[in-house]
file model-v3.cif (mmCIF, C-alpha atoms)
data_query
loop_
_atom_site.group_PDB
_atom_site.id
_atom_site.type_symbol
_atom_site.label_atom_id
_atom_site.label_comp_id
_atom_site.auth_asym_id
_atom_site.auth_seq_id
_atom_site.Cartn_x
_atom_site.Cartn_y
_atom_site.Cartn_z
ATOM 1 C CA MET A 1 -22.210 -6.098 22.573
ATOM 2 C CA ASP A 2 -20.680 -3.035 20.918
ATOM 3 C CA ILE A 3 -17.943 -2.948 23.546
ATOM 4 C CA ALA A 4 -17.035 -6.544 22.756
ATOM 5 C CA ILE A 5 -16.809 -5.813 19.029
ATOM 6 C CA GLU A 6 -14.661 -2.733 19.661
ATOM 7 C CA THR A 7 -12.334 -4.673 21.942
ATOM 8 C CA VAL A 8 -11.930 -7.440 19.409
ATOM 9 C CA SER A 9 -11.354 -4.842 16.647
ATOM 10 C CA ILE A 10 -8.558 -3.138 18.575
ATOM 11 C CA ILE A 11 -6.865 -6.467 19.316
ATOM 12 C CA ALA A 12 -7.245 -7.493 15.669
ATOM 13 C CA ALA A 13 -5.768 -4.195 14.491
ATOM 14 C CA ALA A 14 -2.750 -4.629 16.749
ATOM 15 C CA ILE A 15 -2.257 -8.212 15.536
ATOM 16 C CA ALA A 16 -2.611 -7.147 11.894
ATOM 17 C CA VAL A 17 0.010 -4.422 12.197
ATOM 18 C CA SER A 18 2.474 -6.479 14.222
ATOM 19 C CA PHE A 19 2.389 -9.609 12.089
ATOM 20 C CA GLY A 20 2.115 -7.508 8.967
ATOM 21 C CA ALA A 21 5.355 -5.766 9.919
ATOM 22 C CA ILE A 22 7.421 -8.873 10.681
ATOM 23 C CA MET A 23 7.657 -10.570 7.307
ATOM 24 C CA PRO A 24 7.996 -7.428 5.147
ATOM 25 C CA ALA A 25 10.800 -6.229 7.433
ATOM 26 C CA PHE A 26 12.508 -9.599 7.094
ATOM 27 C CA ALA A 27 12.050 -9.569 3.317
ATOM 28 C CA GLU A 28 13.299 -5.994 2.957
ATOM 29 C CA GLY A 29 16.368 -6.914 4.993
ATOM 30 C CA ARG A 30 17.118 -9.819 2.684
ATOM 31 C CA ALA A 31 16.568 -7.723 -0.437
ATOM 32 C CA LEU A 32 18.817 -4.967 0.891
ATOM 33 C CA ALA A 33 21.546 -7.455 1.837
ATOM 34 C CA ALA A 34 21.421 -8.995 -1.626
ATOM 35 C CA ALA A 35 21.606 -5.574 -3.265
ATOM 36 C CA MET A 36 24.589 -4.550 -1.108
ATOM 37 C CA ASP A 37 26.288 -7.790 -2.065
ATOM 38 C CA ALA A 38 25.649 -7.106 -5.747
ATOM 39 C CA ILE A 39 26.894 -3.517 -5.519
ATOM 40 C CA ALA A 40 30.038 -4.670 -3.704
ATOM 41 C CA ARG A 41 30.747 -7.152 -6.497
ATOM 42 C CA GLN A 42 29.853 -4.785 -9.326
ATOM 43 C CA PRO A 43 30.053 -1.138 -8.254
ATOM 44 C CA GLU A 44 29.542 0.048 -11.847
ATOM 45 C CA ALA A 45 26.024 -1.435 -11.869
ATOM 46 C CA ALA A 46 25.040 0.476 -8.702
ATOM 47 C CA GLY A 47 22.577 2.750 -10.525
ATOM 48 C CA THR A 48 20.517 -0.034 -12.048
ATOM 49 C CA ILE A 49 20.664 -2.132 -8.897
ATOM 50 C CA SER A 50 19.517 0.633 -6.599
ATOM 51 C CA ARG A 51 16.671 1.617 -8.920
ATOM 52 C CA THR A 52 15.445 -1.974 -9.054
ATOM 53 C CA LEU A 53 15.967 -2.237 -5.303
ATOM 54 C CA PHE A 54 13.773 0.801 -4.647
ATOM 55 C CA VAL A 55 10.982 -0.543 -6.821
ATOM 56 C CA GLY A 56 11.240 -3.958 -5.190
ATOM 57 C CA LEU A 57 11.273 -2.511 -1.693
ATOM 58 C CA ALA A 58 8.174 -0.500 -2.558
ATOM 59 C CA MET A 59 6.456 -3.693 -3.713
ATOM 60 C CA ILE A 60 7.373 -5.458 -0.456
ATOM 61 C CA GLU A 61 6.409 -2.497 1.660
ATOM 62 C CA THR A 62 2.970 -2.438 0.071
ATOM 63 C CA MET A 63 2.137 -5.630 1.979
ATOM 64 C CA ALA A 64 2.865 -3.902 5.288
ATOM 65 C CA ILE A 65 0.851 -0.893 4.150
ATOM 66 C CA TYR A 66 -2.094 -3.170 3.327
ATOM 67 C CA CYS A 67 -2.011 -4.446 6.911
ATOM 68 C CA LEU A 68 -1.877 -0.863 8.201
ATOM 69 C CA VAL A 69 -4.864 0.116 6.075
ATOM 70 C CA ILE A 70 -6.814 -2.894 7.363
ATOM 71 C CA ALA A 71 -5.946 -1.914 10.930
ATOM 72 C CA LEU A 72 -7.036 1.690 10.378
ATOM 73 C CA LEU A 73 -10.256 0.496 8.747
ATOM 74 C CA LEU A 74 -10.931 -1.650 11.821
ATOM 75 C CA LEU A 75 -10.260 1.265 14.135
ATOM 76 C CA TYR A 76 -11.943 4.131 12.277
ATOM 77 C CA ALA A 77 -14.318 2.720 9.680
ATOM 78 C CA ASN A 78 -15.477 -0.510 11.286
ATOM 79 C CA PRO A 79 -18.650 -1.660 9.510
ATOM 80 C CA PHE A 80 -19.887 -3.527 12.610
ATOM 81 C CA VAL A 81 -19.695 -0.606 15.021
ATOM 82 C CA GLY A 82 -22.575 1.837 14.742
ATOM 83 C CA MET B 1 -6.637 11.486 18.764
ATOM 84 C CA ASN B 2 -10.174 11.273 17.478
ATOM 85 C CA ALA B 3 -9.364 12.612 14.014
ATOM 86 C CA ASN B 4 -10.276 9.991 11.459
ATOM 87 C CA PRO B 5 -7.476 9.750 8.874
ATOM 88 C CA LEU B 6 -9.823 8.223 6.317
ATOM 89 C CA LEU B 7 -12.181 11.200 6.177
ATOM 90 C CA PRO B 8 -11.228 14.539 4.578
ATOM 91 C CA ASP B 9 -11.424 17.656 6.727
ATOM 92 C CA THR B 10 -13.862 19.992 5.051
ATOM 93 C CA LEU B 11 -12.907 23.669 4.847
ATOM 94 C CA PHE B 12 -15.973 25.109 3.114
ATOM 95 C CA HIS B 13 -18.770 24.158 0.745
ATOM 96 C CA LEU B 14 -18.961 25.161 -2.897
ATOM 97 C CA GLY B 15 -22.650 24.734 -3.556
ATOM 98 C CA PRO B 16 -23.397 21.139 -2.509
ATOM 99 C CA VAL B 17 -19.764 20.026 -2.944
ATOM 100 C CA PRO B 18 -17.585 19.951 0.190
ATOM 101 C CA ILE B 19 -14.101 21.338 -0.455
ATOM 102 C CA GLY B 20 -11.430 19.741 1.704
ATOM 103 C CA ARG B 21 -8.051 21.060 2.761
ATOM 104 C CA ALA B 22 -6.316 18.645 0.387
ATOM 105 C CA VAL B 23 -8.282 19.958 -2.597
ATOM 106 C CA VAL B 24 -7.301 23.524 -1.779
ATOM 107 C CA THR B 25 -3.665 22.395 -1.527
ATOM 108 C CA THR B 26 -3.984 20.791 -4.963
ATOM 109 C CA TRP B 27 -5.363 24.038 -6.381
ATOM 110 C CA VAL B 28 -2.497 26.016 -4.871
ATOM 111 C CA ILE B 29 0.057 23.607 -6.393
ATOM 112 C CA MET B 30 -1.667 23.760 -9.789
ATOM 113 C CA ALA B 31 -1.836 27.549 -9.687
ATOM 114 C CA ALA B 32 1.798 27.822 -8.597
ATOM 115 C CA LEU B 33 2.940 25.570 -11.460
ATOM 116 C CA ALA B 34 0.688 27.239 -14.020
ATOM 117 C CA LEU B 35 1.889 30.707 -13.054
ATOM 118 C CA PHE B 36 5.542 29.976 -12.300
ATOM 119 C CA LEU B 37 6.451 27.902 -15.352
ATOM 120 C CA PRO B 38 5.245 30.345 -18.065
ATOM 121 C CA TRP B 39 6.891 33.171 -16.113
ATOM 122 C CA ALA B 40 10.199 31.291 -15.854
ATOM 123 C CA LEU B 41 10.129 30.309 -19.528
ATOM 124 C CA ARG B 42 8.696 33.563 -20.936
ATOM 125 C CA ASN B 43 11.734 34.147 -23.166
ATOM 126 C CA PRO B 44 13.847 30.960 -23.357
ATOM 127 C CA SER B 45 17.323 31.466 -24.742
ATOM 128 C CA MET B 46 20.158 29.251 -25.918
ATOM 129 C CA LYS B 47 22.299 30.587 -23.053
ATOM 130 C CA PRO B 48 19.906 29.881 -20.185
ATOM 131 C CA GLY B 49 19.711 31.883 -17.008
ATOM 132 C CA ALA B 50 19.667 30.220 -13.592
ATOM 133 C CA VAL B 51 15.953 29.386 -13.480
ATOM 134 C CA GLN B 52 15.828 28.028 -17.006
ATOM 135 C CA ALA B 53 18.979 25.966 -16.390
ATOM 136 C CA VAL B 54 17.458 24.389 -13.265
ATOM 137 C CA LEU B 55 14.240 23.533 -15.110
ATOM 138 C CA GLU B 56 16.193 22.049 -18.003
ATOM 139 C CA ILE B 57 18.244 19.915 -15.599
ATOM 140 C CA VAL B 58 15.046 18.609 -13.994
ATOM 141 C CA VAL B 59 13.438 17.769 -17.329
ATOM 142 C CA THR B 60 16.502 16.135 -18.882
ATOM 143 C CA THR B 61 17.141 14.094 -15.721
ATOM 144 C CA ILE B 62 13.576 12.761 -15.782
ATOM 145 C CA ALA B 63 13.924 12.026 -19.498
ATOM 146 C CA ARG B 64 17.215 10.169 -18.974
ATOM 147 C CA GLN B 65 15.767 8.024 -16.187
ATOM 148 C CA LEU B 66 12.721 7.236 -18.311
ATOM 149 C CA ARG B 67 14.889 6.318 -21.277
ATOM 150 C CA GLU B 68 16.697 3.738 -19.104
ATOM 151 C CA ILE B 69 13.412 2.242 -17.914
ATOM 152 C CA LEU B 70 11.493 2.345 -21.176
ATOM 153 C CA GLY B 71 14.425 1.463 -23.403
ATOM 154 C CA ARG B 72 13.167 3.839 -26.102
ATOM 155 C CA ASP B 73 12.555 7.495 -26.848
ATOM 156 C CA PRO B 74 10.954 8.876 -23.660
ATOM 157 C CA TRP B 75 9.521 12.085 -25.097
ATOM 158 C CA PRO B 76 6.059 10.740 -26.081
ATOM 159 C CA PHE B 77 5.604 9.754 -22.429
ATOM 160 C CA MET B 78 7.123 12.846 -20.845
ATOM 161 C CA PRO B 79 3.926 14.944 -20.648
ATOM 162 C CA LEU B 80 2.270 12.272 -18.530
ATOM 163 C CA LEU B 81 5.148 10.857 -16.485
ATOM 164 C CA GLY B 82 7.116 14.073 -16.058
ATOM 165 C CA SER B 83 4.173 16.078 -14.804
ATOM 166 C CA LEU B 84 3.141 13.127 -12.644
ATOM 167 C CA PHE B 85 6.547 13.168 -10.942
ATOM 168 C CA ILE B 86 6.695 16.926 -10.485
ATOM 169 C CA TYR B 87 3.144 17.092 -9.191
ATOM 170 C CA LEU B 88 3.709 14.181 -6.790
ATOM 171 C CA CYS B 89 6.927 15.718 -5.444
ATOM 172 C CA LEU B 90 5.193 19.015 -4.721
ATOM 173 C CA ALA B 91 2.092 17.306 -3.336
ATOM 174 C CA ASN B 92 4.072 15.038 -1.007
ATOM 175 C CA LEU B 93 6.235 17.924 0.186
ATOM 176 C CA ALA B 94 3.170 20.068 0.898
ATOM 177 C CA ALA B 95 3.192 18.585 4.423
ATOM 178 C CA VAL B 96 6.184 20.814 5.178
ATOM 179 C CA PHE B 97 4.087 23.970 4.889
ATOM 180 C CA PRO B 98 1.955 24.672 7.940
ATOM 181 C CA GLY B 99 -1.757 24.576 7.163
ATOM 182 C CA ALA B 100 -1.378 22.548 3.997
ATOM 183 C CA SER B 101 -2.255 18.872 3.982
ATOM 184 C CA PRO B 102 -0.700 16.649 1.328
ATOM 185 C CA PRO B 103 -3.439 15.724 -1.149
ATOM 186 C CA THR B 104 -1.826 12.321 -1.616
ATOM 187 C CA GLY B 105 -2.559 11.528 2.043
ATOM 188 C CA HIS B 106 -6.271 11.241 1.245
ATOM 189 C CA ILE B 107 -7.646 8.419 -0.823
ATOM 190 C CA GLU B 108 -9.185 10.505 -3.643
ATOM 191 C CA THR B 109 -5.997 11.900 -5.178
ATOM 192 C CA PRO B 110 -4.059 8.592 -5.356
ATOM 193 C CA ALA B 111 -7.208 6.928 -6.697
ATOM 194 C CA ALA B 112 -7.521 9.508 -9.465
ATOM 195 C CA LEU B 113 -3.820 9.290 -10.341
ATOM 196 C CA ALA B 114 -3.876 5.490 -10.393
ATOM 197 C CA LEU B 115 -6.938 5.624 -12.657
ATOM 198 C CA VAL B 116 -5.114 7.993 -15.013
ATOM 199 C CA VAL B 117 -2.151 5.600 -15.137
ATOM 200 C CA PHE B 118 -4.445 2.584 -15.615
ATOM 201 C CA LEU B 119 -6.185 4.179 -18.604
ATOM 202 C CA SER B 120 -3.082 5.667 -20.187
ATOM 203 C CA VAL B 121 -1.315 2.282 -20.089
ATOM 204 C CA HIS B 122 -4.003 0.937 -22.435
ATOM 205 C CA VAL B 123 -3.993 4.059 -24.601
ATOM 206 C CA PHE B 124 -0.217 3.916 -25.058
ATOM 207 C CA GLY B 125 -0.312 0.164 -25.593
ATOM 208 C CA ILE B 126 -3.024 0.285 -28.256
ATOM 209 C CA SER B 127 -1.591 3.308 -30.047
ATOM 210 C CA SER B 128 1.901 1.833 -30.262
ATOM 211 C CA ARG B 129 1.086 -1.821 -31.007
ATOM 212 C CA GLY B 130 -2.393 -1.770 -32.502
ATOM 213 C CA ALA B 131 -5.517 -3.067 -30.786
ATOM 214 C CA ARG B 132 -5.234 -6.701 -31.920
ATOM 215 C CA ARG B 133 -1.620 -7.177 -30.947
ATOM 216 C CA TYR B 134 -2.106 -5.299 -27.717
ATOM 217 C CA LEU B 135 -5.124 -7.346 -26.665
ATOM 218 C CA ARG B 136 -3.415 -10.571 -27.683
ATOM 219 C CA HIS B 137 -0.765 -10.079 -25.006
ATOM 220 C CA TYR B 138 -3.440 -10.897 -22.429
ATOM 221 C CA LEU B 139 -3.588 -14.385 -23.947
ATOM 222 C CA GLU B 140 0.131 -14.953 -23.515
ATOM 223 C CA PRO B 141 1.752 -17.266 -22.615
ATOM 224 C CA SER B 142 -1.457 -19.312 -22.670
ATOM 225 C CA PRO B 143 -5.186 -18.397 -23.030
ATOM 226 C CA LEU B 144 -5.772 -20.198 -19.722
ATOM 227 C CA LEU B 145 -4.025 -17.304 -17.974
ATOM 228 C CA LEU B 146 -6.460 -14.657 -19.246
ATOM 229 C CA PRO B 147 -8.265 -14.260 -15.877
ATOM 230 C CA LEU B 148 -4.961 -13.977 -14.049
ATOM 231 C CA ASN B 149 -3.659 -11.361 -16.480
ATOM 232 C CA VAL B 150 -6.808 -9.263 -16.104
ATOM 233 C CA LEU B 151 -6.688 -9.692 -12.337
ATOM 234 C CA SER B 152 -3.061 -8.582 -12.136
ATOM 235 C CA GLU B 153 -3.957 -5.551 -14.238
ATOM 236 C CA LEU B 154 -6.534 -4.540 -11.631
ATOM 237 C CA THR B 155 -4.569 -5.392 -8.502
ATOM 238 C CA ARG B 156 -1.471 -3.517 -9.593
ATOM 239 C CA THR B 157 -3.548 -0.372 -10.133
ATOM 240 C CA PHE B 158 -5.092 -0.884 -6.724
ATOM 241 C CA SER B 159 -1.716 -1.382 -5.076
ATOM 242 C CA LEU B 160 -0.345 1.703 -6.838
ATOM 243 C CA MET B 161 -3.136 3.671 -5.194
ATOM 244 C CA ILE B 162 -2.898 2.079 -1.754
ATOM 245 C CA ARG B 163 0.908 2.361 -1.650
ATOM 246 C CA LEU B 164 0.944 6.115 -2.177
ATOM 247 C CA PHE B 165 -2.073 6.709 0.036
ATOM 248 C CA GLY B 166 -0.879 4.425 2.818
ATOM 249 C CA ASN B 167 2.628 5.843 2.965
ATOM 250 C CA MET B 168 1.589 9.478 2.993
ATOM 251 C CA MET B 169 -1.387 8.991 5.301
ATOM 252 C CA SER B 170 0.502 6.839 7.801
ATOM 253 C CA HIS B 171 3.304 9.361 7.921
ATOM 254 C CA GLU B 172 0.865 12.195 8.562
ATOM 255 C CA PHE B 173 -0.669 10.037 11.259
ATOM 256 C CA VAL B 174 2.677 9.325 12.927
ATOM 257 C CA ILE B 175 3.400 13.076 13.028
ATOM 258 C CA ALA B 176 -0.025 13.715 14.563
ATOM 259 C CA ILE B 177 0.607 11.102 17.263
ATOM 260 C CA LEU B 178 4.068 12.565 17.989
ATOM 261 C CA VAL B 179 2.676 16.094 18.286
ATOM 262 C CA PHE B 180 0.006 14.735 20.597
ATOM 263 C CA LEU B 181 2.580 12.939 22.763
ATOM 264 C CA ALA B 182 5.603 15.221 22.799
ATOM 265 C CA GLY B 183 4.648 18.480 21.136
ATOM 266 C CA PHE B 184 7.756 20.558 20.614
ATOM 267 C CA LEU B 185 10.881 19.659 18.558
ATOM 268 C CA LEU B 186 10.523 15.862 18.706
ATOM 269 C CA PRO B 187 8.505 15.746 15.420
ATOM 270 C CA VAL B 188 11.262 17.628 13.550
ATOM 271 C CA PRO B 189 13.400 14.557 12.632
ATOM 272 C CA PHE B 190 10.246 12.814 11.530
ATOM 273 C CA LEU B 191 9.359 15.765 9.318
ATOM 274 C CA LEU B 192 12.804 15.419 7.707
ATOM 275 C CA LEU B 193 12.153 11.702 7.234
ATOM 276 C CA GLY B 194 8.840 12.719 5.675
ATOM 277 C CA ILE B 195 10.632 14.763 3.011
ATOM 278 C CA MET B 196 12.623 11.680 2.052
ATOM 279 C CA ILE B 197 9.550 9.427 2.097
ATOM 280 C CA GLY B 198 7.649 11.902 -0.051
ATOM 281 C CA ILE B 199 10.297 12.098 -2.743
ATOM 282 C CA ILE B 200 10.870 8.325 -2.723
ATOM 283 C CA GLN B 201 7.145 7.677 -3.074
ATOM 284 C CA ALA B 202 6.874 10.160 -5.953
ATOM 285 C CA TYR B 203 9.829 8.416 -7.602
ATOM 286 C CA ILE B 204 8.358 4.958 -7.047
ATOM 287 C CA PHE B 205 4.929 5.937 -8.360
ATOM 288 C CA THR B 206 6.498 7.380 -11.518
ATOM 289 C CA VAL B 207 8.877 4.463 -12.021
ATOM 290 C CA LEU B 208 6.112 1.899 -11.602
ATOM 291 C CA SER B 209 3.893 3.802 -14.044
ATOM 292 C CA ALA B 210 6.806 3.842 -16.476
ATOM 293 C CA VAL B 211 7.334 0.105 -15.985
ATOM 294 C CA TYR B 212 3.652 -0.613 -16.650
ATOM 295 C CA ILE B 213 3.705 1.587 -19.757
ATOM 296 C CA ALA B 214 6.926 -0.063 -20.907
ATOM 297 C CA ALA B 215 5.283 -3.469 -20.542
ATOM 298 C CA ALA B 216 2.250 -2.259 -22.509
ATOM 299 C CA VAL B 217 4.115 -0.679 -25.420
ATOM 300 C CA GLY B 218 6.348 -3.740 -25.716
ATOM 301 C CA ALA B 219 9.917 -4.140 -24.576
ATOM 302 C CA VAL B 220 12.956 -2.759 -26.336
ATOM 303 C CA GLU B 221 12.168 -2.049 -29.956
ATOM 304 C CA ALA B 222 13.729 1.430 -30.022
#

call {"tool": "encode", "arguments": {"input": "model-v3.cif", "output": "structure tokens"}}
result
Amino acid sequence: MDIAIETVSIIAAAIAVSFGAIMPAFAEGRALAAAMDAIARQPEAAGTISRTLFVGLAMIETMAIYCLVIALLLLYANPFVG
Amino acid sequence: MNANPLLPDTLFHLGPVPIGRAVVTTWVIMAALALFLPWALRNPSMKPGAVQAVLEIVVTTIARQLREILGRDPWPFMPLLGSLFIYLCLANLAAVFPGASPPTGHIETPAALALVVFLSVHVFGISSRGARRYLRHYLEPSPLLLPLNVLSELTRTFSLMIRLFGNMMSHEFVIAILVFLAGFLLPVPFLLLGIMIGIIQAYIFTVLSAVYIAAAVGAVEA
């Protein structure tokens, strides 16, 4: 029974990380492209744009980090495995 | 690869309290700052020497960045945000030294820092706007949104904690896996990447704290 739970946990962790990486990567790519576009149009605003970009990227990246934390919890601190 | 990244590695016990490697690293950073800064500034002069000039550049750069974010005089917030940034930089870069483990890579330190930010947001907000006006901003734009405002207050503190912890811990973990797989020289580029990640995370933590404080004390009133 324990083996089954561990197997399912490992598969779930892999799924969580992989799907949790797809959309944030996509979103970060879009945000970066938009910021590059804005800097190319208005190079004098580069400071403000890149600061906002960093904060925004950190916000987006948090979603991927949440998935990673869930995966690590499943692997190392699983409440259903003795 | 059996090391659990969610548990601290205990070095020794101080009475009943286990002292982890990260706590010792924190103490070393605190001692280094507390000894180095008074020594470097023991007789400040109008024509600064090299060390004083570097420290002044660091402080004025932080103050200038904060002024852009806060849109007001940054000096009331410098003791909190400036020391937060400097401490986080040193703590995140502690991974470079062999034997030290970055305190931010374990859940306790980010949790404590996020709690400090969470409380100081309210303190700054109440002291600059008054309790009634500060509390009323939870009822804006409509009293129906009160639960959502309170919820966002809690989740953003939580995400502040998890972001720092997750980034530093996952990076430490990646290095451990690389050392396990390839051993020599391959982890070096990743260590360099880690320096960048550490400084960016320190910057992001400070900027987000500044943004939260700016929202609490009210936008540009100068």

call {"tool": "residues_around", "arguments": {"input": "model-v3.cif", "residues": "segment 137-141 of chain B", "least_positions_apart": "3", "cutoff": "12 Å", "atoms": "all atoms listed in the file", "output": "list in words"}}
result
His122, Gly125, Ile126, Arg129, Gly130, Ala131, Arg132, Arg133, Tyr134, Leu144, Leu145, Leu146, Pro147, Leu148, Asn149, Val150, Leu151, Ser152, Glu153, Ala215, Ala216, Val217 and Gly218 of chain B

call {"tool": "residues_around", "arguments": {"input": "model-v3.cif", "residues": "Glu61 of chain A", "least_positions_apart": "2", "cutoff": "9 Å", "atoms": "all atoms listed in the file", "output": "compact mmCIF listing (two decimals) with C-alpha atoms, keeping the file's coordinate frame"}}
result
# COMPACT_ATOMS: atom_id res chain seq x y z
CA ALA A 21 5.36 -5.77 9.92
CA PRO A 24 8.00 -7.43 5.15
CA ALA A 25 10.80 -6.23 7.43
CA GLU A 28 13.30 -5.99 2.96
CA GLY A 56 11.24 -3.96 -5.19
CA LEU A 57 11.27 -2.51 -1.69
CA ALA A 58 8.17 -0.50 -2.56
CA MET A 59 6.46 -3.69 -3.71
CA MET A 63 2.14 -5.63 1.98
CA ALA A 64 2.86 -3.90 5.29
CA ILE A 65 0.85 -0.89 4.15
CA TYR A 66 -2.09 -3.17 3.33
CA ARG B 163 0.91 2.36 -1.65

call {"tool": "interface_residues", "arguments": {"input": "model-v3.cif", "of": "chain A", "to": "chain B", "cutoff": "12 Å", "atoms": "only C-alpha atoms", "output": "PyMOL selection string"}}
result
chain A and resi 47-48+50-78

call {"tool": "residues_around", "arguments": {"input": "model-v3.cif", "residues": "segment 53-62 of chain B", "least_positions_apart": "5", "cutoff": "9 Å", "atoms": "all atoms listed in the file", "output": "list of chain:residue names"}}
result
B:Leu37, B:Ala40, B:Lys47, B:Pro48, B:Arg67, B:Met78, B:Leu81, B:Gly82, B:Phe85

call {"tool": "resolve_selection", "arguments": {"input": "model-v3.cif", "expression": "the PyMOL selection byres ((chain B and resi 175) around 12)", "output": "JSON, numbers by chain"}}
result
{"B": [1, 95, 96, 168, 169, 170, 171, 172, 173, 174, 176, 177, 178, 179, 180, 181, 182, 183, 184, 185, 186, 187, 188, 189, 190, 191, 192, 193, 194]}

call {"tool": "atom_distance", "arguments": {"input": "model-v3.cif", "atom1": "atom CA of Ile213 of chain B", "atom2": "atom CA of Leu154 of chain B"}}
result
14.4 Å

call {"tool": "atom_distance", "arguments": {"input": "model-v3.cif", "atom1": "atom CA of Leu88 of chain B", "atom2": "atom CA of Gly29 of chain A"}}
result
27.3 Å

call {"tool": "atom_distance", "arguments": {"input": "model-v3.cif", "atom1": "atom CA of Ile29 of chain B", "atom2": "atom CA of Ile197 of chain B"}}
result
19.1 Å

call {"tool": "decode", "arguments": {"input": "model-v3.cif", "residues": "segment 188-205 of chain B", "atoms": "N, CA and C atoms", "output": "tab-separated table (two decimals), in the first residue's frame"}}
result
chain	number	residue	atom	x	y	z
B	188	VAL	N	30.32	24.87	-11.32
B	188	VAL	CA	30.82	26.25	-11.22
B	188	VAL	C	29.93	27.26	-11.93
B	189	PRO	N	29.50	27.01	-13.21
B	189	PRO	CA	28.60	28.00	-13.84
B	189	PRO	C	27.31	28.17	-13.07
B	190	PHE	N	26.86	27.09	-12.44
B	190	PHE	CA	25.61	27.21	-11.69
B	190	PHE	C	25.82	28.02	-10.41
B	191	LEU	N	27.04	27.93	-9.85
B	191	LEU	CA	27.33	28.77	-8.69
B	191	LEU	C	27.32	30.24	-9.09
B	192	LEU	N	27.86	30.54	-10.30
B	192	LEU	CA	27.83	31.92	-10.78
B	192	LEU	C	26.39	32.38	-10.99
B	193	LEU	N	25.57	31.49	-11.58
B	193	LEU	CA	24.15	31.81	-11.73
B	193	LEU	C	23.52	32.07	-10.37
B	194	GLY	N	23.99	31.30	-9.36
B	194	GLY	CA	23.44	31.46	-8.02
B	194	GLY	C	23.71	32.84	-7.45
B	195	ILE	N	24.90	33.41	-7.77
B	195	ILE	CA	25.19	34.76	-7.29
B	195	ILE	C	24.17	35.74	-7.85
B	196	MET	N	23.88	35.57	-9.17
B	196	MET	CA	22.90	36.47	-9.79
B	196	MET	C	21.52	36.28	-9.17
B	197	ILE	N	21.11	35.00	-9.02
B	197	ILE	CA	19.79	34.73	-8.44
B	197	ILE	C	19.69	35.33	-7.05
B	198	GLY	N	20.77	35.18	-6.26
B	198	GLY	CA	20.74	35.68	-4.90
B	198	GLY	C	20.52	37.18	-4.84
B	199	ILE	N	21.27	37.91	-5.70
B	199	ILE	CA	21.14	39.37	-5.65
B	199	ILE	C	19.77	39.79	-6.18
B	200	ILE	N	19.30	39.10	-7.25
B	200	ILE	CA	17.98	39.47	-7.79
B	200	ILE	C	16.89	39.20	-6.76
B	201	GLN	N	17.00	38.09	-6.04
B	201	GLN	CA	15.97	37.80	-5.05
B	201	GLN	C	16.00	38.80	-3.90
B	202	ALA	N	17.22	39.21	-3.48
B	202	ALA	CA	17.31	40.23	-2.43
B	202	ALA	C	16.66	41.52	-2.91
B	203	TYR	N	16.95	41.88	-4.18
B	203	TYR	CA	16.37	43.09	-4.76
B	203	TYR	C	14.85	42.99	-4.80
B	204	ILE	N	14.36	41.84	-5.26
B	204	ILE	CA	12.91	41.69	-5.42
B	204	ILE	C	12.21	41.73	-4.07
B	205	PHE	N	12.80	41.06	-3.08
B	205	PHE	CA	12.19	41.07	-1.74
B	205	PHE	C	12.10	42.50	-1.23
